[in-house]
Amino acid sequence: MNAKNERALNGDNELTGQIDALRQGDRRALAKTITLIESTRNDHRRQAAGIVQSLLPDTGRAIRLGISGVPGVGKSTFIEALGLYLIEQGYKLAVLAVDPSSQRTGGSIMGDKTRMERLSQRLEAFIRPSPTSGALGGVAAQTRETMLLCEAAGYDVILVETVGVGQSETMVAGMVDCFALLQLPNAGDDLQAIKKGIMEIADLIAINKADINPEATQLAIAQFRSGLHLLQPSAPGWTTPVIPCSGLKNDGIIEFWQQVTNFRQLVTDNGELHNRRQRQAVEWFWSIIDSGLRQLLERNNDQKLKLQETVKAVAAGERSPVSAAHSLLEQFD
Ligand code: GDP
């Protein structure tokens, strides 16, 4: 732990109590600490970083599963069905969301509280909507920290849900052990997914709402399977399964989970899980350095004027973004 973090924790009995309570699985302590993580105040963020650091030995044991799909594909219905099944199996699960819409609109596609009503009433489930402040990168970073807190609080499955737009899918895939894609059985969707390069990072593809049109579902499965042949496997030795399911009718949930556990077994045995988590930690580290450097640059008073002028010149097309950025970076060389 660095000196600042230690100072933030030392001598603060309330905070130490909060950490102990969190470790015991206390939901209020967990929610309070997540609020610290999501705070825009630097002292809160430092405190939160200290807490996460001190809880690190209690993390890493959960199954981290990402679930993505376009709005309306049935994510919340599916996650509720999966969550209730997992609780039946004796798991405790946390559901976190990464919602890229909340930054732009101030509203949220996913965050409304009526979603997953039955699951949210269960003590074995902890549901947290997407953080609503900051850029998507910041939201992803907060979600990663929240994931670690949930693990320390004893949740053994962490589900990270995101809508299938923009970069949020790649970000979520970069923080979980297994990334699942929910798709609708319409022709055309598959091509869209290939174009976006999302199929390549999917460890599991589920064709949802299979109850509506079983024939179209079978066709979609065949199309996806043949499309997958052209791609690199998402993990060494793994062929991404494509399975039908229906969150609404509770169909295919057991098979879905079976595939998640098959995948996890394979990547545990062949060392890929270890490698993946190592890569993710290092990428996370660098993404914080990237955004931190930018913030430092923007906040540095001596540089402010020069920076503003440079940005203006770039916007006006008077300077090339490349040469402008290089000349600013040169000072660190
Ligand atoms: P999300 O936006 O991806 O979270 O989608 P929702 O779970 O909110 O579902 C959107 C709509 O599709 C709702 O009206 C659901 O009742 C419906 N729906 C969800 N899953 C299924 C399914 O498996 N079959 C059918 N027929 N409808 C579903």
# chains A, B, ... in the order shown; residues from 1 in each chain; ligands from 1

call {"tool": "residues_around", "arguments": {"residues": "Gln89 (chain A)", "least_positions_apart": "6", "cutoff": "12 Å", "atoms": "only C-alpha atoms", "output": "PyMOL selection string"}}
result
chain A and resi 82-83+124+156-157+254+257

call {"tool": "closest_atom_pairs", "arguments": {"of": "chain A", "to": "ligand 1", "cutoff": "12 Å", "atoms": "only C-alpha atoms and all ligand atoms", "output": "JSON lines"}}
result
{"residue": "A:Ile67", "atom": "CA", "partner": "ligand 1", "partner_atom_place_in_ligand_line": "3 (O)", "distance": 9.9}
{"residue": "A:Ser68", "atom": "CA", "partner": "ligand 1", "partner_atom_place_in_ligand_line": "3 (O)", "distance": 8.2}
{"residue": "A:Gly69", "atom": "CA", "partner": "ligand 1", "partner_atom_place_in_ligand_line": "3 (O)", "distance": 6.3}
{"residue": "A:Val70", "atom": "CA", "partner": "ligand 1", "partner_atom_place_in_ligand_line": "3 (O)", "distance": 6.1}
{"residue": "A:Pro71", "atom": "CA", "partner": "ligand 1", "partner_atom_place_in_ligand_line": "2 (O)", "distance": 3.9}
{"residue": "A:Gly72", "atom": "CA", "partner": "ligand 1", "partner_atom_place_in_ligand_line": "2 (O)", "distance": 3.6}
{"residue": "A:Val73", "atom": "CA", "partner": "ligand 1", "partner_atom_place_in_ligand_line": "3 (O)", "distance": 4.1}
{"residue": "A:Gly74", "atom": "CA", "partner": "ligand 1", "partner_atom_place_in_ligand_line": "5 (O)", "distance": 3.2}
{"residue": "A:Lys75", "atom": "CA", "partner": "ligand 1", "partner_atom_place_in_ligand_line": "3 (O)", "distance": 3.7}
{"residue": "A:Ser76", "atom": "CA", "partner": "ligand 1", "partner_atom_place_in_ligand_line": "7 (O)", "distance": 3.9}
{"residue": "A:Thr77", "atom": "CA", "partner": "ligand 1", "partner_atom_place_in_ligand_line": "7 (O)", "distance": 3.8}
{"residue": "A:Phe78", "atom": "CA", "partner": "ligand 1", "partner_atom_place_in_ligand_line": "20 (N)", "distance": 6.2}
{"residue": "A:Ile79", "atom": "CA", "partner": "ligand 1", "partner_atom_place_in_ligand_line": "7 (O)", "distance": 8.0}
{"residue": "A:Glu80", "atom": "CA", "partner": "ligand 1", "partner_atom_place_in_ligand_line": "7 (O)", "distance": 8.5}
{"residue": "A:Ala81", "atom": "CA", "partner": "ligand 1", "partner_atom_place_in_ligand_line": "20 (N)", "distance": 9.6}
{"residue": "A:Leu82", "atom": "CA", "partner": "ligand 1", "partner_atom_place_in_ligand_line": "23 (O)", "distance": 11.8}
{"residue": "A:Ala97", "atom": "CA", "partner": "ligand 1", "partner_atom_place_in_ligand_line": "4 (O)", "distance": 10.8}
{"residue": "A:Asp99", "atom": "CA", "partner": "ligand 1", "partner_atom_place_in_ligand_line": "4 (O)", "distance": 11.4}
{"residue": "A:Ser108", "atom": "CA", "partner": "ligand 1", "partner_atom_place_in_ligand_line": "2 (O)", "distance": 11.1}
{"residue": "A:Ile109", "atom": "CA", "partner": "ligand 1", "partner_atom_place_in_ligand_line": "2 (O)", "distance": 7.5}
{"residue": "A:Met110", "atom": "CA", "partner": "ligand 1", "partner_atom_place_in_ligand_line": "4 (O)", "distance": 6.7}
{"residue": "A:Gly111", "atom": "CA", "partner": "ligand 1", "partner_atom_place_in_ligand_line": "4 (O)", "distance": 9.8}
{"residue": "A:Asp112", "atom": "CA", "partner": "ligand 1", "partner_atom_place_in_ligand_line": "4 (O)", "distance": 10.3}
{"residue": "A:Lys113", "atom": "CA", "partner": "ligand 1", "partner_atom_place_in_ligand_line": "8 (O)", "distance": 11.6}
{"residue": "A:Thr114", "atom": "CA", "partner": "ligand 1", "partner_atom_place_in_ligand_line": "8 (O)", "distance": 9.8}
{"residue": "A:Arg115", "atom": "CA", "partner": "ligand 1", "partner_atom_place_in_ligand_line": "8 (O)", "distance": 7.1}
{"residue": "A:Met116", "atom": "CA", "partner": "ligand 1", "partner_atom_place_in_ligand_line": "7 (O)", "distance": 8.3}
{"residue": "A:Glu117", "atom": "CA", "partner": "ligand 1", "partner_atom_place_in_ligand_line": "7 (O)", "distance": 11.3}
{"residue": "A:Glu161", "atom": "CA", "partner": "ligand 1", "partner_atom_place_in_ligand_line": "4 (O)", "distance": 9.1}
{"residue": "A:Thr162", "atom": "CA", "partner": "ligand 1", "partner_atom_place_in_ligand_line": "3 (O)", "distance": 8.9}
{"residue": "A:Val163", "atom": "CA", "partner": "ligand 1", "partner_atom_place_in_ligand_line": "3 (O)", "distance": 7.3}
{"residue": "A:Gly164", "atom": "CA", "partner": "ligand 1", "partner_atom_place_in_ligand_line": "3 (O)", "distance": 9.1}
{"residue": "A:Val165", "atom": "CA", "partner": "ligand 1", "partner_atom_place_in_ligand_line": "3 (O)", "distance": 11.9}
{"residue": "A:Leu181", "atom": "CA", "partner": "ligand 1", "partner_atom_place_in_ligand_line": "3 (O)", "distance": 11.0}
{"residue": "A:Leu182", "atom": "CA", "partner": "ligand 1", "partner_atom_place_in_ligand_line": "3 (O)", "distance": 8.5}
{"residue": "A:Gln183", "atom": "CA", "partner": "ligand 1", "partner_atom_place_in_ligand_line": "3 (O)", "distance": 9.6}
{"residue": "A:Leu184", "atom": "CA", "partner": "ligand 1", "partner_atom_place_in_ligand_line": "23 (O)", "distance": 9.5}
{"residue": "A:Pro185", "atom": "CA", "partner": "ligand 1", "partner_atom_place_in_ligand_line": "24 (N)", "distance": 10.9}
{"residue": "A:Ala206", "atom": "CA", "partner": "ligand 1", "partner_atom_place_in_ligand_line": "23 (O)", "distance": 10.7}
{"residue": "A:Ile207", "atom": "CA", "partner": "ligand 1", "partner_atom_place_in_ligand_line": "23 (O)", "distance": 9.2}
{"residue": "A:Asn208", "atom": "CA", "partner": "ligand 1", "partner_atom_place_in_ligand_line": "23 (O)", "distance": 5.5}
{"residue": "A:Lys209", "atom": "CA", "partner": "ligand 1", "partner_atom_place_in_ligand_line": "23 (O)", "distance": 3.5}
{"residue": "A:Ala210", "atom": "CA", "partner": "ligand 1", "partner_atom_place_in_ligand_line": "23 (O)", "distance": 6.4}
{"residue": "A:Asp211", "atom": "CA", "partner": "ligand 1", "partner_atom_place_in_ligand_line": "24 (N)", "distance": 5.7}
{"residue": "A:Ile212", "atom": "CA", "partner": "ligand 1", "partner_atom_place_in_ligand_line": "26 (N)", "distance": 5.2}
{"residue": "A:Asn213", "atom": "CA", "partner": "ligand 1", "partner_atom_place_in_ligand_line": "26 (N)", "distance": 8.9}
{"residue": "A:Pro214", "atom": "CA", "partner": "ligand 1", "partner_atom_place_in_ligand_line": "26 (N)", "distance": 11.0}
{"residue": "A:Thr217", "atom": "CA", "partner": "ligand 1", "partner_atom_place_in_ligand_line": "23 (O)", "distance": 11.6}
{"residue": "A:Pro244", "atom": "CA", "partner": "ligand 1", "partner_atom_place_in_ligand_line": "23 (O)", "distance": 9.7}
{"residue": "A:Cys245", "atom": "CA", "partner": "ligand 1", "partner_atom_place_in_ligand_line": "23 (O)", "distance": 6.7}
{"residue": "A:Ser246", "atom": "CA", "partner": "ligand 1", "partner_atom_place_in_ligand_line": "23 (O)", "distance": 3.4}
{"residue": "A:Gly247", "atom": "CA", "partner": "ligand 1", "partner_atom_place_in_ligand_line": "23 (O)", "distance": 4.0}
{"residue": "A:Leu248", "atom": "CA", "partner": "ligand 1", "partner_atom_place_in_ligand_line": "23 (O)", "distance": 4.0}
{"residue": "A:Lys249", "atom": "CA", "partner": "ligand 1", "partner_atom_place_in_ligand_line": "23 (O)", "distance": 6.0}
{"residue": "A:Asn250", "atom": "CA", "partner": "ligand 1", "partner_atom_place_in_ligand_line": "23 (O)", "distance": 7.5}
{"residue": "A:Asp251", "atom": "CA", "partner": "ligand 1", "partner_atom_place_in_ligand_line": "23 (O)", "distance": 7.9}
{"residue": "A:Gly252", "atom": "CA", "partner": "ligand 1", "partner_atom_place_in_ligand_line": "23 (O)", "distance": 9.7}
{"residue": "A:Ile253", "atom": "CA", "partner": "ligand 1", "partner_atom_place_in_ligand_line": "23 (O)", "distance": 10.4}

call {"tool": "write_last_selection", "arguments": {"atoms": "C-alpha atoms", "output": "PDB file, in the first residue's frame"}}
result
ATOM      1  CA  ILE A  67     -22.936 -10.568 -20.436  1.00  0.00           C
ATOM      2  CA  SER A  68     -23.591  -8.272 -23.344  1.00  0.00           C
ATOM      3  CA  GLY A  69     -26.242  -7.649 -25.969  1.00  0.00           C
ATOM      4  CA  VAL A  70     -28.199  -4.856 -27.608  1.00  0.00           C
ATOM      5  CA  PRO A  71     -30.999  -3.133 -25.659  1.00  0.00           C
ATOM      6  CA  GLY A  72     -34.067  -5.357 -25.776  1.00  0.00           C
ATOM      7  CA  VAL A  73     -32.212  -8.619 -26.407  1.00  0.00           C
ATOM      8  CA  GLY A  74     -33.408  -9.746 -22.986  1.00  0.00           C
ATOM      9  CA  LYS A  75     -30.373  -9.261 -20.765  1.00  0.00           C
ATOM     10  CA  SER A  76     -32.156  -8.412 -17.558  1.00  0.00           C
ATOM     11  CA  THR A  77     -34.729 -11.187 -18.020  1.00  0.00           C
ATOM     12  CA  PHE A  78     -31.914 -13.643 -18.744  1.00  0.00           C
ATOM     13  CA  ILE A  79     -29.716 -12.484 -15.853  1.00  0.00           C
ATOM     14  CA  GLU A  80     -32.648 -12.750 -13.487  1.00  0.00           C
ATOM     15  CA  ALA A  81     -33.326 -16.337 -14.597  1.00  0.00           C
ATOM     16  CA  LEU A  82     -29.627 -17.229 -14.438  1.00  0.00           C
ATOM     17  CA  ALA A  97     -23.622  -2.845 -14.924  1.00  0.00           C
ATOM     18  CA  ASP A  99     -23.846   1.500 -19.160  1.00  0.00           C
ATOM     19  CA  SER A 108     -29.526   5.230 -18.430  1.00  0.00           C
ATOM     20  CA  ILE A 109     -30.685   2.403 -20.631  1.00  0.00           C
ATOM     21  CA  MET A 110     -30.072  -0.188 -17.960  1.00  0.00           C
ATOM     22  CA  GLY A 111     -30.117   1.473 -14.575  1.00  0.00           C
ATOM     23  CA  ASP A 112     -33.788   1.631 -13.757  1.00  0.00           C
ATOM     24  CA  LYS A 113     -34.688  -0.042 -10.541  1.00  0.00           C
ATOM     25  CA  THR A 114     -37.588  -2.147 -11.721  1.00  0.00           C
ATOM     26  CA  ARG A 115     -35.265  -4.461 -13.611  1.00  0.00           C
ATOM     27  CA  MET A 116     -34.667  -7.894 -12.075  1.00  0.00           C
ATOM     28  CA  GLU A 117     -37.299  -7.385  -9.431  1.00  0.00           C
ATOM     29  CA  GLU A 161     -23.715  -6.607 -17.745  1.00  0.00           C
ATOM     30  CA  THR A 162     -23.324  -4.172 -20.600  1.00  0.00           C
ATOM     31  CA  VAL A 163     -25.267  -2.982 -23.618  1.00  0.00           C
ATOM     32  CA  GLY A 164     -23.890  -3.923 -26.967  1.00  0.00           C
ATOM     33  CA  VAL A 165     -22.870  -0.528 -28.201  1.00  0.00           C
ATOM     34  CA  LEU A 181     -22.879 -12.464 -25.984  1.00  0.00           C
ATOM     35  CA  LEU A 182     -26.671 -12.563 -26.186  1.00  0.00           C
ATOM     36  CA  GLN A 183     -28.028 -12.299 -29.714  1.00  0.00           C
ATOM     37  CA  LEU A 184     -31.456 -12.193 -31.267  1.00  0.00           C
ATOM     38  CA  PRO A 185     -32.318 -14.823 -33.864  1.00  0.00           C
ATOM     39  CA  ALA A 206     -26.495 -17.457 -26.698  1.00  0.00           C
ATOM     40  CA  ILE A 207     -29.327 -16.956 -29.156  1.00  0.00           C
ATOM     41  CA  ASN A 208     -31.964 -15.568 -26.829  1.00  0.00           C
ATOM     42  CA  LYS A 209     -35.760 -15.455 -27.223  1.00  0.00           C
ATOM     43  CA  ALA A 210     -35.507 -18.813 -28.966  1.00  0.00           C
ATOM     44  CA  ASP A 211     -39.105 -19.428 -27.847  1.00  0.00           C
ATOM     45  CA  ILE A 212     -40.412 -16.902 -30.388  1.00  0.00           C
ATOM     46  CA  ASN A 213     -39.101 -18.642 -33.483  1.00  0.00           C
ATOM     47  CA  PRO A 214     -37.230 -21.934 -33.024  1.00  0.00           C
ATOM     48  CA  THR A 217     -32.956 -19.669 -33.932  1.00  0.00           C
ATOM     49  CA  PRO A 244     -30.347 -21.408 -27.905  1.00  0.00           C
ATOM     50  CA  CYS A 245     -32.019 -20.028 -24.817  1.00  0.00           C
ATOM     51  CA  SER A 246     -34.978 -18.123 -23.506  1.00  0.00           C
ATOM     52  CA  GLY A 247     -34.668 -16.101 -20.357  1.00  0.00           C
ATOM     53  CA  LEU A 248     -38.412 -15.599 -20.285  1.00  0.00           C
ATOM     54  CA  LYS A 249     -39.231 -19.333 -20.444  1.00  0.00           C
ATOM     55  CA  ASN A 250     -36.244 -20.314 -18.359  1.00  0.00           C
ATOM     56  CA  ASP A 251     -34.931 -22.491 -21.198  1.00  0.00           C
ATOM     57  CA  GLY A 252     -31.259 -23.108 -21.805  1.00  0.00           C
ATOM     58  CA  ILE A 253     -30.156 -21.516 -18.546  1.00  0.00           C
TER      59      ILE A 253
END

call {"tool": "residues_around", "arguments": {"residues": "Thr240 (chain A)", "least_positions_apart": "2", "cutoff": "7 Å", "atoms": "only C-alpha atoms", "output": "PDB file with N, CA and C atoms, in the first residue's frame"}}
result
ATOM      1  N   ASP A 203     -16.693 -15.709 -25.630  1.00  0.00           N
ATOM      2  CA  ASP A 203     -16.368 -17.085 -25.230  1.00  0.00           C
ATOM      3  C   ASP A 203     -17.603 -17.967 -25.332  1.00  0.00           C
ATOM      4  N   LEU A 204     -18.751 -17.298 -25.432  1.00  0.00           N
ATOM      5  CA  LEU A 204     -20.016 -18.029 -25.450  1.00  0.00           C
ATOM      6  C   LEU A 204     -21.053 -17.147 -26.143  1.00  0.00           C
ATOM      7  N   TRP A 238     -10.306 -23.659 -27.281  1.00  0.00           N
ATOM      8  CA  TRP A 238     -11.742 -23.499 -27.039  1.00  0.00           C
ATOM      9  C   TRP A 238     -12.484 -23.185 -28.324  1.00  0.00           C
ATOM     10  N   VAL A 242     -22.400 -22.021 -29.473  1.00  0.00           N
ATOM     11  CA  VAL A 242     -23.565 -21.179 -29.782  1.00  0.00           C
ATOM     12  C   VAL A 242     -24.791 -21.970 -29.355  1.00  0.00           C
TER      13      VAL A 242
END

call {"tool": "atom_distance", "arguments": {"atom1": "CA of Arg128 (chain A)", "atom2": "CA of Asp26 (chain A)"}}
result
14.7 Å

call {"tool": "select_by_dssp", "arguments": {"residues": "region 219-265 of chain A", "states": "helix (DSSP H, G or I)", "output": "MDAnalysis selection string"}}
result
chainID A and resid 219:229 253:265

call {"tool": "closest_residue", "arguments": {"among": "A:Leu123, A:Ala324, A:Ile34, A:Ala49", "to": "Val311 (chain A)", "atoms": "only C-alpha atoms"}}
result
A:Ala324

call {"tool": "closest_residue", "arguments": {"among": "A:Ala21, A:Leu84, A:Ala316, A:Leu231", "to": "Gln121 (chain A)", "atoms": "only C-alpha atoms"}}
result
A:Leu84
